[in-house]
$ cat final_6.csv   # CSV, C-alpha atoms and all ligand atoms
chain,number,residue,atom,x,y,z
A,12,MET,CA,44.7,84.4,88.0
A,13,LEU,CA,42.7,82.1,85.8
A,14,SER,CA,44.1,78.7,84.9
A,15,GLN,CA,45.0,78.0,81.3
A,16,GLU,CA,42.2,75.5,81.2
A,17,ASP,CA,39.7,78.1,82.3
A,18,ARG,CA,40.9,80.5,79.6
A,19,SER,CA,40.7,77.8,77.0
A,20,PHE,CA,37.2,76.9,78.2
A,21,ILE,CA,36.1,80.6,77.9
A,22,ALA,CA,37.6,80.9,74.4
A,23,ARG,CA,35.8,77.8,73.2
A,24,MET,CA,32.4,78.6,74.8
A,25,PRO,CA,29.8,79.6,72.2
A,26,LYS,CA,28.8,83.2,72.7
A,27,ALA,CA,26.2,85.7,71.6
A,28,GLU,CA,26.7,89.4,71.7
A,29,LEU,CA,23.8,91.9,72.0
A,30,HIS,CA,25.6,95.2,72.3
A,31,VAL,CA,28.5,96.1,70.0
A,32,HIS,CA,28.8,99.2,67.8
A,33,LEU,CA,29.8,98.9,64.1
A,34,GLU,CA,31.7,102.2,64.2
A,35,GLY,CA,33.4,101.2,67.4
A,36,SER,CA,34.6,97.8,66.0
A,37,VAL,CA,36.7,98.9,63.0
A,38,ARG,CA,40.1,97.3,63.0
A,39,PRO,CA,42.7,100.1,63.4
A,40,ALA,CA,44.7,98.7,60.4
A,41,THR,CA,41.5,98.9,58.3
A,42,LEU,CA,40.9,102.5,59.3
A,43,LEU,CA,44.4,103.3,58.1
A,44,GLU,CA,43.6,101.8,54.7
A,45,LEU,CA,40.2,103.4,54.4
A,46,GLY,CA,41.7,106.7,55.4
A,47,LYS,CA,44.2,106.5,52.6
A,48,GLN,CA,41.4,105.6,50.1
A,49,HIS,CA,39.4,108.6,51.2
A,50,GLY,CA,42.2,111.1,51.6
A,51,VAL,CA,41.7,111.4,55.4
A,52,VAL,CA,44.9,112.3,57.3
A,53,TYR,CA,45.2,110.6,60.7
A,54,PRO,CA,47.7,111.2,63.5
A,55,PHE,CA,49.3,107.9,62.6
A,56,THR,CA,50.9,106.4,59.5
A,57,ASP,CA,51.3,102.7,60.2
A,58,ALA,CA,49.3,99.8,61.7
A,59,ALA,CA,51.2,100.0,65.0
A,60,GLY,CA,50.5,103.8,65.2
A,61,ALA,CA,46.8,103.2,64.4
A,62,LEU,CA,46.5,100.6,67.2
A,63,GLU,CA,48.1,103.0,69.6
A,64,TRP,CA,45.8,105.8,68.6
A,65,PHE,CA,42.8,103.6,69.0
A,66,ARG,CA,43.5,102.8,72.6
A,67,PHE,CA,41.3,104.6,75.0
A,68,ARG,CA,42.9,107.5,76.9
A,69,ASP,CA,40.1,109.7,78.1
A,70,PHE,CA,36.6,110.7,77.0
A,71,PRO,CA,37.6,113.6,74.6
A,72,HIS,CA,40.1,111.2,72.9
A,73,PHE,CA,37.3,108.6,72.7
A,74,ILE,CA,35.1,111.1,70.8
A,75,ASP,CA,38.1,112.0,68.5
A,76,ILE,CA,38.4,108.3,67.6
A,77,TYR,CA,34.7,108.0,66.9
A,78,LEU,CA,34.7,111.1,64.7
A,79,GLY,CA,37.9,109.9,63.0
A,80,VAL,CA,36.3,106.6,62.2
A,81,MET,CA,33.2,108.3,60.8
A,82,GLN,CA,35.4,110.3,58.3
A,83,SER,CA,36.5,107.1,56.6
A,84,LEU,CA,33.3,105.0,56.7
A,85,LEU,CA,31.6,106.5,53.7
A,86,THR,CA,30.5,104.0,51.1
A,87,SER,CA,28.5,100.7,51.1
A,88,GLU,CA,31.8,98.9,50.3
A,89,ASP,CA,33.5,100.4,53.4
A,90,HIS,CA,30.6,99.1,55.6
A,91,GLU,CA,30.6,95.7,53.9
A,92,ARG,CA,34.3,95.4,54.6
A,93,VAL,CA,34.0,96.4,58.3
A,94,VAL,CA,31.0,94.1,58.9
A,95,TYR,CA,32.9,91.2,57.2
A,96,GLU,CA,35.9,91.8,59.4
A,97,ILE,CA,33.7,92.0,62.5
A,98,GLY,CA,32.4,88.6,61.5
A,99,GLU,CA,35.8,87.2,61.0
A,100,ASP,CA,36.9,88.5,64.5
A,101,ALA,CA,33.6,87.0,66.0
A,102,ALA,CA,34.2,83.6,64.5
A,103,ARG,CA,37.6,83.5,66.1
A,104,GLN,CA,35.9,84.0,69.5
A,105,ASN,CA,33.2,81.4,68.8
A,106,ILE,CA,30.6,84.2,68.7
A,107,ARG,CA,27.6,82.5,66.9
A,108,TYR,CA,25.2,85.4,67.0
A,109,MET,CA,25.6,89.2,67.1
A,110,GLU,CA,23.3,92.2,67.2
A,111,ILE,CA,25.3,95.2,65.9
A,112,THR,CA,24.3,98.8,66.4
A,113,PHE,CA,24.9,101.3,63.7
A,114,SER,CA,24.5,105.1,63.5
A,115,PRO,CA,24.4,106.5,60.0
A,116,ALA,CA,24.4,110.1,59.0
A,117,SER,CA,21.1,111.9,59.1
A,118,PRO,CA,19.6,112.9,55.7
A,119,LEU,CA,18.2,116.0,57.4
A,120,ASN,CA,21.7,117.1,58.4
A,121,PRO,CA,24.1,115.2,56.2
A,122,ARG,CA,27.6,115.7,57.4
A,123,SER,CA,28.7,112.5,55.6
A,124,SER,CA,27.8,110.5,52.5
A,125,ALA,CA,27.2,107.4,54.8
A,126,LEU,CA,23.4,107.9,54.6
A,127,PRO,CA,21.1,105.1,55.9
A,128,ASP,CA,20.5,103.5,52.5
A,129,VAL,CA,24.2,103.4,51.7
A,130,VAL,CA,25.1,101.9,55.1
A,131,LEU,CA,22.2,99.3,55.0
A,132,ARG,CA,23.3,98.1,51.6
A,133,GLY,CA,26.8,97.5,52.8
A,134,ILE,CA,26.0,95.9,56.1
A,135,ARG,CA,23.5,93.5,54.5
A,136,ALA,CA,26.1,92.5,51.9
A,137,GLY,CA,28.7,92.0,54.7
A,138,ALA,CA,26.4,90.0,56.9
A,139,ARG,CA,25.5,87.6,54.0
A,140,ARG,CA,29.2,86.9,53.4
A,141,VAL,CA,29.8,86.5,57.1
A,142,TRP,CA,27.1,83.9,57.3
A,143,GLN,CA,28.4,82.1,54.2
A,144,ASP,CA,32.1,82.1,55.2
A,145,PHE,CA,31.9,81.9,59.0
A,146,GLY,CA,28.4,80.8,60.0
A,147,VAL,CA,28.0,83.8,62.3
A,148,GLN,CA,24.5,85.2,62.3
A,149,MET,CA,24.2,89.0,62.4
A,150,ALA,CA,21.3,91.4,63.0
A,151,PHE,CA,21.4,95.1,63.1
A,152,ILE,CA,19.9,97.8,65.3
A,153,LEU,CA,19.7,101.4,64.1
A,154,ASP,CA,20.8,103.8,66.9
A,155,PRO,CA,20.4,107.5,66.1
A,156,VAL,CA,22.6,109.6,68.2
A,157,ARG,CA,20.4,111.3,70.8
A,158,THR,CA,21.9,114.8,70.3
A,159,ARG,CA,19.9,114.8,67.1
A,160,THR,CA,16.7,116.8,66.9
A,161,GLU,CA,13.4,115.1,67.5
A,162,GLU,CA,12.6,115.5,63.8
A,163,GLU,CA,15.8,113.7,62.8
A,164,VAL,CA,15.2,110.8,65.2
A,165,TYR,CA,11.6,110.6,63.9
A,166,TRP,CA,12.9,110.5,60.3
A,167,PHE,CA,15.2,107.5,61.3
A,168,ALA,CA,12.3,105.8,63.0
A,169,ARG,CA,10.2,106.0,59.8
A,170,TRP,CA,13.1,104.8,57.6
A,171,CYS,CA,13.8,101.9,60.0
A,172,ALA,CA,10.1,100.9,59.9
A,173,ASP,CA,10.1,101.0,56.1
A,174,ASN,CA,13.3,98.9,55.9
A,175,LEU,CA,12.8,96.3,58.6
A,176,GLY,CA,13.7,92.7,57.7
A,177,ASP,CA,16.7,91.2,56.0
A,178,GLY,CA,18.9,91.7,59.1
A,179,LEU,CA,17.5,95.1,60.2
A,180,ILE,CA,15.6,94.2,63.4
A,181,GLY,CA,15.7,97.1,65.9
A,182,PHE,CA,15.9,100.7,66.9
A,183,GLY,CA,17.6,102.4,69.8
A,184,LEU,CA,19.3,105.5,70.9
A,185,GLY,CA,23.0,106.1,71.4
A,186,GLY,CA,25.2,109.1,72.3
A,187,THR,CA,25.1,111.5,75.2
A,188,GLU,CA,22.5,110.6,77.8
A,189,VAL,CA,23.0,113.8,79.8
A,190,ASP,CA,20.2,116.3,78.9
A,191,ASN,CA,18.9,114.0,76.1
A,192,PRO,CA,16.2,111.9,77.8
A,193,PRO,CA,14.5,109.3,75.6
A,194,GLN,CA,11.0,110.7,76.1
A,195,ARG,CA,11.9,113.5,73.8
A,196,TYR,CA,11.7,110.9,71.0
A,197,GLN,CA,8.5,109.2,72.1
A,198,ARG,CA,6.9,109.8,68.6
A,199,ALA,CA,9.8,107.9,67.0
A,200,PHE,CA,9.6,104.9,69.4
A,201,ASP,CA,5.8,104.7,69.0
A,202,TRP,CA,6.3,104.6,65.2
A,203,VAL,CA,9.0,101.9,65.1
A,204,ARG,CA,7.3,99.7,67.7
A,205,ALA,CA,4.1,99.8,65.8
A,206,ALA,CA,6.0,98.6,62.7
A,207,GLY,CA,7.4,95.7,64.6
A,208,ALA,CA,11.0,96.9,65.4
A,209,ARG,CA,12.5,95.6,68.6
A,210,VAL,CA,13.8,98.3,70.9
A,211,SER,CA,16.9,98.7,73.1
A,212,VAL,CA,17.9,102.1,74.4
A,213,HIS,CA,21.2,103.1,76.0
A,214,ALA,CA,20.4,104.3,79.5
A,215,GLY,CA,21.8,104.2,83.1
A,216,GLU,CA,25.4,104.7,81.9
A,217,THR,CA,26.2,108.4,82.4
A,218,VAL,CA,22.8,109.2,83.9
A,219,GLY,CA,21.3,107.4,86.9
A,220,PRO,CA,18.1,105.3,87.5
A,221,GLU,CA,15.7,108.0,86.1
A,222,SER,CA,17.3,107.4,82.7
A,223,VAL,CA,16.5,103.7,82.9
A,224,ARG,CA,13.0,104.3,83.9
A,225,ALA,CA,12.5,106.8,81.0
A,226,ALA,CA,13.9,104.2,78.6
A,227,LEU,CA,11.4,101.6,79.9
A,228,ALA,CA,8.6,104.1,79.5
A,229,VAL,CA,9.3,104.6,75.8
A,230,GLY,CA,9.2,100.9,75.3
A,231,SER,CA,12.8,99.8,75.6
A,232,GLU,CA,12.7,96.0,75.9
A,233,ARG,CA,16.3,95.6,77.0
A,234,ILE,CA,18.6,98.4,78.3
A,235,GLY,CA,22.0,99.2,76.8
A,236,HIS,CA,24.2,99.4,79.9
A,237,GLY,CA,21.7,100.1,82.6
A,238,VAL,CA,24.3,99.5,85.3
A,239,ARG,CA,23.4,102.7,87.3
A,240,ALA,CA,20.0,101.2,88.0
A,241,VAL,CA,21.8,99.7,91.0
A,242,GLU,CA,21.5,103.1,92.7
A,243,ASP,CA,17.7,102.5,93.1
A,244,PRO,CA,16.8,99.3,94.9
A,245,GLU,CA,13.2,99.6,93.8
A,246,LEU,CA,14.2,99.8,90.2
A,247,VAL,CA,16.5,96.9,90.6
A,248,ARG,CA,13.5,94.9,92.0
A,249,GLU,CA,11.4,96.0,89.1
A,250,LEU,CA,14.0,95.0,86.5
A,251,ALA,CA,14.4,91.6,88.2
A,252,ASP,CA,10.6,91.0,88.4
A,253,ARG,CA,10.0,92.0,84.8
A,254,GLY,CA,13.0,90.1,83.5
A,255,VAL,CA,14.4,93.2,81.8
A,256,VAL,CA,17.8,92.3,80.3
A,257,LEU,CA,20.8,94.7,80.8
A,258,GLU,CA,23.5,94.7,78.1
A,259,VAL,CA,26.5,95.3,80.4
A,260,SER,CA,30.0,96.1,79.2
A,261,PRO,CA,32.3,96.1,82.2
A,262,THR,CA,35.5,97.2,80.5
A,263,SER,CA,33.7,100.0,78.6
A,264,ASN,CA,32.2,101.2,81.9
A,265,ILE,CA,35.7,101.3,83.5
A,266,CYS,CA,37.3,103.1,80.5
A,267,LEU,CA,34.6,105.7,80.4
A,268,GLY,CA,34.8,106.3,84.1
A,269,VAL,CA,31.3,105.1,85.0
A,270,TYR,CA,33.1,103.1,87.8
A,271,PRO,CA,36.7,103.5,88.9
A,272,SER,CA,37.5,99.8,88.9
A,273,TYR,CA,36.1,96.3,88.4
A,274,ALA,CA,35.9,96.0,92.2
A,275,GLU,CA,33.4,98.8,92.3
A,276,HIS,CA,31.4,97.7,89.2
A,277,PRO,CA,27.9,96.4,90.1
A,278,PHE,CA,27.8,93.4,87.7
A,279,ARG,CA,27.7,90.9,90.5
A,280,ASP,CA,25.3,92.9,92.7
A,281,LEU,CA,22.8,93.2,89.9
A,282,HIS,CA,23.2,89.5,89.2
A,283,GLU,CA,22.7,88.5,92.8
A,284,ALA,CA,19.6,90.8,92.9
A,285,GLY,CA,18.1,88.6,90.2
A,286,VAL,CA,18.6,91.0,87.3
A,287,THR,CA,19.2,89.4,83.9
A,288,VAL,CA,22.7,90.8,83.1
A,289,THR,CA,24.5,89.9,79.9
A,290,VAL,CA,28.1,90.7,79.0
A,291,ASN,CA,29.1,92.7,75.9
A,292,SER,CA,32.2,94.4,74.4
A,293,ASP,CA,30.6,97.7,73.2
A,294,ASP,CA,33.6,99.1,71.2
A,295,PRO,CA,36.2,96.3,71.4
A,296,PRO,CA,39.3,97.8,69.8
A,297,MET,CA,38.8,101.2,71.5
A,298,PHE,CA,38.6,99.6,74.9
A,299,ASN,CA,41.3,97.0,74.1
A,300,THR,CA,38.9,94.2,74.7
A,301,THR,CA,36.9,91.4,73.0
A,302,LEU,CA,33.8,89.5,74.1
A,303,THR,CA,36.1,86.6,75.1
A,304,ASN,CA,38.0,89.0,77.3
A,305,GLU,CA,34.8,90.3,78.9
A,306,TYR,CA,34.1,86.7,79.9
A,307,VAL,CA,37.6,86.4,81.3
A,308,VAL,CA,36.9,89.6,83.3
A,309,LEU,CA,33.7,88.0,84.7
A,310,ALA,CA,35.7,85.0,85.8
A,311,GLU,CA,38.7,86.8,87.0
A,312,GLN,CA,37.3,90.0,88.5
A,313,PHE,CA,33.8,88.9,89.5
A,314,GLY,CA,34.5,85.3,90.4
A,315,PHE,CA,31.9,83.7,88.1
A,316,SER,CA,32.3,79.9,87.7
A,317,ARG,CA,32.3,78.1,84.4
A,318,ALA,CA,28.7,77.0,84.9
A,319,GLU,CA,27.7,80.6,85.6
A,320,LEU,CA,29.5,81.8,82.5
A,321,CYS,CA,27.6,79.3,80.4
A,322,GLU,CA,24.4,80.5,82.0
A,323,ILE,CA,25.3,84.2,81.2
A,324,SER,CA,26.0,83.2,77.6
A,325,LEU,CA,22.6,81.5,77.3
A,326,ARG,CA,20.9,84.6,78.7
A,327,ALA,CA,22.2,86.5,75.7
A,328,VAL,CA,20.6,83.9,73.4
A,329,ASP,CA,17.3,84.0,75.3
A,330,ALA,CA,17.3,87.8,75.0
A,331,ALA,CA,18.2,87.9,71.3
A,332,PHE,CA,15.8,89.8,69.1
A,333,LEU,CA,15.2,86.7,67.0
A,334,PRO,CA,11.9,84.9,66.1
A,335,ASP,CA,11.1,82.2,68.7
A,336,GLU,CA,11.9,79.3,66.5
A,337,GLN,CA,15.4,80.6,65.6
A,338,ARG,CA,16.1,81.5,69.2
A,339,ARG,CA,15.2,78.0,70.4
A,340,ALA,CA,17.4,76.5,67.7
A,341,LEU,CA,20.3,78.7,68.7
A,342,ARG,CA,19.7,77.8,72.4
A,343,ALA,CA,19.8,74.1,71.6
A,344,GLU,CA,23.1,74.6,69.7
A,345,PHE,CA,24.6,76.4,72.7
A,346,VAL,CA,23.4,73.8,75.2
A,347,ALA,CA,24.9,71.0,73.1
A,348,ALA,CA,28.2,72.8,72.8
A,349,PHE,CA,28.3,73.4,76.6
A,350,GLN,CA,27.7,69.7,77.3
A,351,GLN,CA,30.5,68.8,74.9
A,352,LEU,CA,32.8,71.3,76.6
A,353,ASN,CA,32.0,69.8,79.9
A,354,GLY,CA,32.6,66.3,78.7
A,355,VAL,CA,28.9,65.4,78.7
A,356,GLU,CA,27.6,63.4,75.7
A,357,PRO,CA,24.9,65.6,74.2
A,358,GLU,CA,21.4,64.0,74.5
A,359,GLY,CA,20.4,62.0,71.5
A,360,SER,CA,24.0,61.8,70.2
A,361,GLY,CA,23.9,58.0,70.5
A,362,GLY,CA,26.9,58.0,72.9
A,363,ALA,CA,27.2,55.3,75.4
B,401,ZN,ZN,26.9,101.2,73.4

$ encode --input "final_6.csv" --output "structure tokens" --more "lines below"
Ligand SMILES: [Zn+2]
Amino acid sequence: MLSQEDRSFIARMPKAELHVHLEGSVRPATLLELGKQHGVVYPFTDAAGALEWFRFRDFPHFIDIYLGVMQSLLTSEDHERVVYEIGEDAARQNIRYMEITFSPASPLNPRSSALPDVVLRGIRAGARRVWQDFGVQMAFILDPVRTRTEEEVYWFARWCADNLGDGLIGFGLGGTEVDNPPQRYQRAFDWVRAAGARVSVHAGETVGPESVRAALAVGSERIGHGVRAVEDPELVRELADRGVVLEVSPTSNICLGVYPSYAEHPFRDLHEAGVTVTVNSDDPPMFNTTLTNEYVVLAEQFGFSRAELCEISLRAVDAAFLPDEQRRALRAEFVAAFQQLNGVEPEGSGGA
């Protein structure tokens, strides 16, 4: 068990999060309210019931929650509110920077009014208020769901290219990996990359090393999850040599059955092999976790020291899809905060 001092150290550490889904981060109580506004009937009627329903049970239930959330995330205002609340929750955990993935409805197959323009308006407005009120910087990555047709994903790529900037920084792929390899969407990746979008694809979660290789082949700079790369020592070496960053979410992997327990999770193996692993929360309320809690897991289940946790936090800063100058400034801010946490006078502070 971690000491109270260790827990408080982890809580106060500055953090950056590279892999968290907008739709998977809605507060259960907010979903209840949005549902009432939009006339959506859920299998719960109060905040406690919503919280209970949100808790991960099994994969089919997880999909039910996701679809349930999508039913109530319809307008720009809904998205603005959710982003604002994500920022508020982040500030409480000392998260200074976040890259949030979002998956709007497809205009070619619109099953919801949450079309890309509607969503982008809302998340940009939310991010501005989060910056003003909490000083948390947010950026967004568009993740079409990979069960969509090649034409739909290509449409998203073109839209993303046309709307890059003002918080929209990247493009990826979410959803079911099985039978949906990224190379099917090569045209989309070529298009967004040429326009300057940064790319991170989900891979190596429900499909093995071949999925990670395919993601790298379409130009994925980081890998969402990527943990199953561990099954192929040659790939592990390649990831380490190339410095490819994995966005790992241990609790999500346990909940979704990628690994039966933390003891069998390869976070430390990948780390020891020299792979740049970062830690992320993925869908925090659904997996009953937070980014802070994932750091607690690293300490408690994987035996990482305070110094190592700081190093892992800095990795996320170094891997952020930010312009060099901003990334360096953020890094300096983190290093100064770690020094202060460790009782070291930051350089240049004039301390004795
Ligand atoms: Zn994810």

$ residues_near_point --input "final_6.csv" --point "(28.8, 83.8, 72.9)" --cutoff "12 Å" --atoms "only C-alpha atoms" --output "number ranges by chain"
A: 21-30, 101-110, 147-148, 289-292, 301-306, 320-329, 331, 341-342, 344-346, 348-349

$ closest_residue --input "final_6.csv" --among "A:Thr217, A:Thr158, A:Gln143, A:Asn353" --to "ligand ZN 401 (chain B)" --atoms "only C-alpha atoms and all ligand atoms"
A:Thr217

$ closest_residue --input "final_6.csv" --among "A:His72, A:Arg122, A:Arg139, A:Arg253" --to "Leu227 (chain A)" --atoms "all atoms listed in the file"
A:Arg253

$ residues_near_ligand --input "final_6.csv" --ligand "ligand ZN 401 (chain B)" --cutoff "7 Å" --atoms "all atoms listed in the file" --output "mmCIF file with C-alpha atoms, in the coordinates of the input"
data_model
loop_
_atom_site.group_PDB
_atom_site.id
_atom_site.type_symbol
_atom_site.label_atom_id
_atom_site.label_comp_id
_atom_site.auth_asym_id
_atom_site.auth_seq_id
_atom_site.Cartn_x
_atom_site.Cartn_y
_atom_site.Cartn_z
ATOM 1 C CA HIS A 30 25.600 95.200 72.300
ATOM 2 C CA VAL A 31 28.500 96.100 70.000
ATOM 3 C CA HIS A 32 28.800 99.200 67.800
ATOM 4 C CA GLY A 185 23.000 106.100 71.400
ATOM 5 C CA HIS A 213 21.200 103.100 76.000
ATOM 6 C CA GLY A 235 22.000 99.200 76.800
ATOM 7 C CA ASP A 293 30.600 97.700 73.200
#

$ atom_distance --input "final_6.csv" --atom1 "CA of Tyr95 (chain A)" --atom2 "CA of Glu44 (chain A)"
15.3 Å

$ atom_distance --input "final_6.csv" --atom1 "CA of Ile74 (chain A)" --atom2 "CA of Pro121 (chain A)"
18.7 Å

$ decode --input "final_6.csv" --residues "region 30-114 of chain A" --atoms "C-alpha atoms" --output "compact mmCIF listing (two decimals), in the first residue's frame"
# COMPACT_ATOMS: atom_id res chain seq x y z
CA HIS A 30 -5.21 9.74 -24.54
CA VAL A 31 -8.67 10.46 -23.21
CA HIS A 32 -12.01 10.36 -25.03
CA LEU A 33 -14.49 13.21 -24.85
CA GLU A 34 -17.50 10.89 -25.06
CA GLY A 35 -15.94 8.61 -22.43
CA SER A 36 -15.37 11.45 -19.96
CA VAL A 37 -18.89 12.77 -19.44
CA ARG A 38 -19.80 13.00 -15.78
CA PRO A 39 -22.65 10.58 -15.02
CA ALA A 40 -24.66 13.35 -13.30
CA THR A 41 -24.27 15.54 -16.39
CA LEU A 42 -25.50 12.76 -18.63
CA LEU A 43 -28.61 12.53 -16.48
CA GLU A 44 -29.27 16.25 -16.98
CA LEU A 45 -28.51 16.23 -20.70
CA GLY A 46 -30.74 13.19 -21.09
CA LYS A 47 -33.64 15.07 -19.47
CA GLN A 48 -33.04 18.06 -21.77
CA HIS A 49 -33.10 15.89 -24.87
CA GLY A 50 -35.88 13.53 -23.76
CA VAL A 51 -33.61 10.49 -23.59
CA VAL A 52 -34.74 7.82 -21.15
CA TYR A 53 -31.93 6.05 -19.32
CA PRO A 54 -32.06 3.03 -17.02
CA PHE A 55 -31.45 5.39 -14.06
CA THR A 56 -33.23 8.39 -12.58
CA ASP A 57 -30.78 9.94 -10.14
CA ALA A 58 -27.10 10.77 -9.90
CA ALA A 59 -26.29 7.69 -7.82
CA GLY A 60 -28.05 5.47 -10.37
CA ALA A 61 -26.17 7.18 -13.20
CA LEU A 62 -22.86 6.59 -11.44
CA GLU A 63 -23.71 2.94 -10.94
CA TRP A 64 -24.77 2.50 -14.59
CA PHE A 65 -21.53 4.12 -15.76
CA ARG A 66 -19.35 1.59 -14.02
CA PHE A 67 -17.79 -0.93 -16.32
CA ARG A 68 -19.33 -4.40 -16.18
CA ASP A 69 -18.44 -6.06 -19.45
CA PHE A 70 -17.82 -5.15 -23.06
CA PRO A 71 -21.47 -5.14 -24.27
CA HIS A 72 -22.40 -2.87 -21.35
CA PHE A 73 -19.44 -0.61 -22.19
CA ILE A 74 -20.82 -0.22 -25.74
CA ASP A 75 -24.30 0.49 -24.27
CA ILE A 76 -22.84 3.30 -22.17
CA TYR A 77 -21.02 4.77 -25.14
CA LEU A 78 -24.13 4.69 -27.32
CA GLY A 79 -26.18 6.05 -24.42
CA VAL A 80 -23.82 9.00 -24.07
CA MET A 81 -23.94 9.72 -27.80
CA GLN A 82 -27.74 10.07 -27.60
CA SER A 83 -27.44 13.06 -25.28
CA LEU A 84 -24.40 14.78 -26.77
CA LEU A 85 -26.15 16.62 -29.56
CA THR A 86 -25.51 20.36 -29.57
CA SER A 87 -22.50 22.66 -29.44
CA GLU A 88 -23.62 23.67 -25.93
CA ASP A 89 -23.62 20.04 -24.78
CA HIS A 90 -20.05 19.66 -26.00
CA GLU A 91 -18.96 22.96 -24.51
CA ARG A 92 -20.31 21.89 -21.13
CA VAL A 93 -18.67 18.47 -21.22
CA VAL A 94 -15.30 19.95 -22.21
CA TYR A 95 -15.60 22.56 -19.48
CA GLU A 96 -16.28 19.87 -16.89
CA ILE A 97 -13.38 17.74 -18.17
CA GLY A 98 -11.18 20.82 -17.64
CA GLU A 99 -12.52 21.31 -14.14
CA ASP A 100 -11.83 17.66 -13.28
CA ALA A 101 -8.36 17.97 -14.85
CA ALA A 102 -7.47 21.06 -12.83
CA ARG A 103 -8.31 19.18 -9.65
CA GLN A 104 -5.71 16.55 -10.62
CA ASN A 105 -3.05 19.08 -11.61
CA ILE A 106 -3.34 18.09 -15.25
CA ARG A 107 -1.80 21.01 -17.14
CA TYR A 108 -2.19 19.77 -20.71
CA MET A 109 -4.61 17.36 -22.39
CA GLU A 110 -5.14 15.93 -25.84
CA ILE A 111 -8.76 14.88 -26.09
CA THR A 112 -10.08 12.54 -28.72
CA PHE A 113 -13.56 13.13 -30.15
CA SER A 114 -15.68 11.08 -32.55
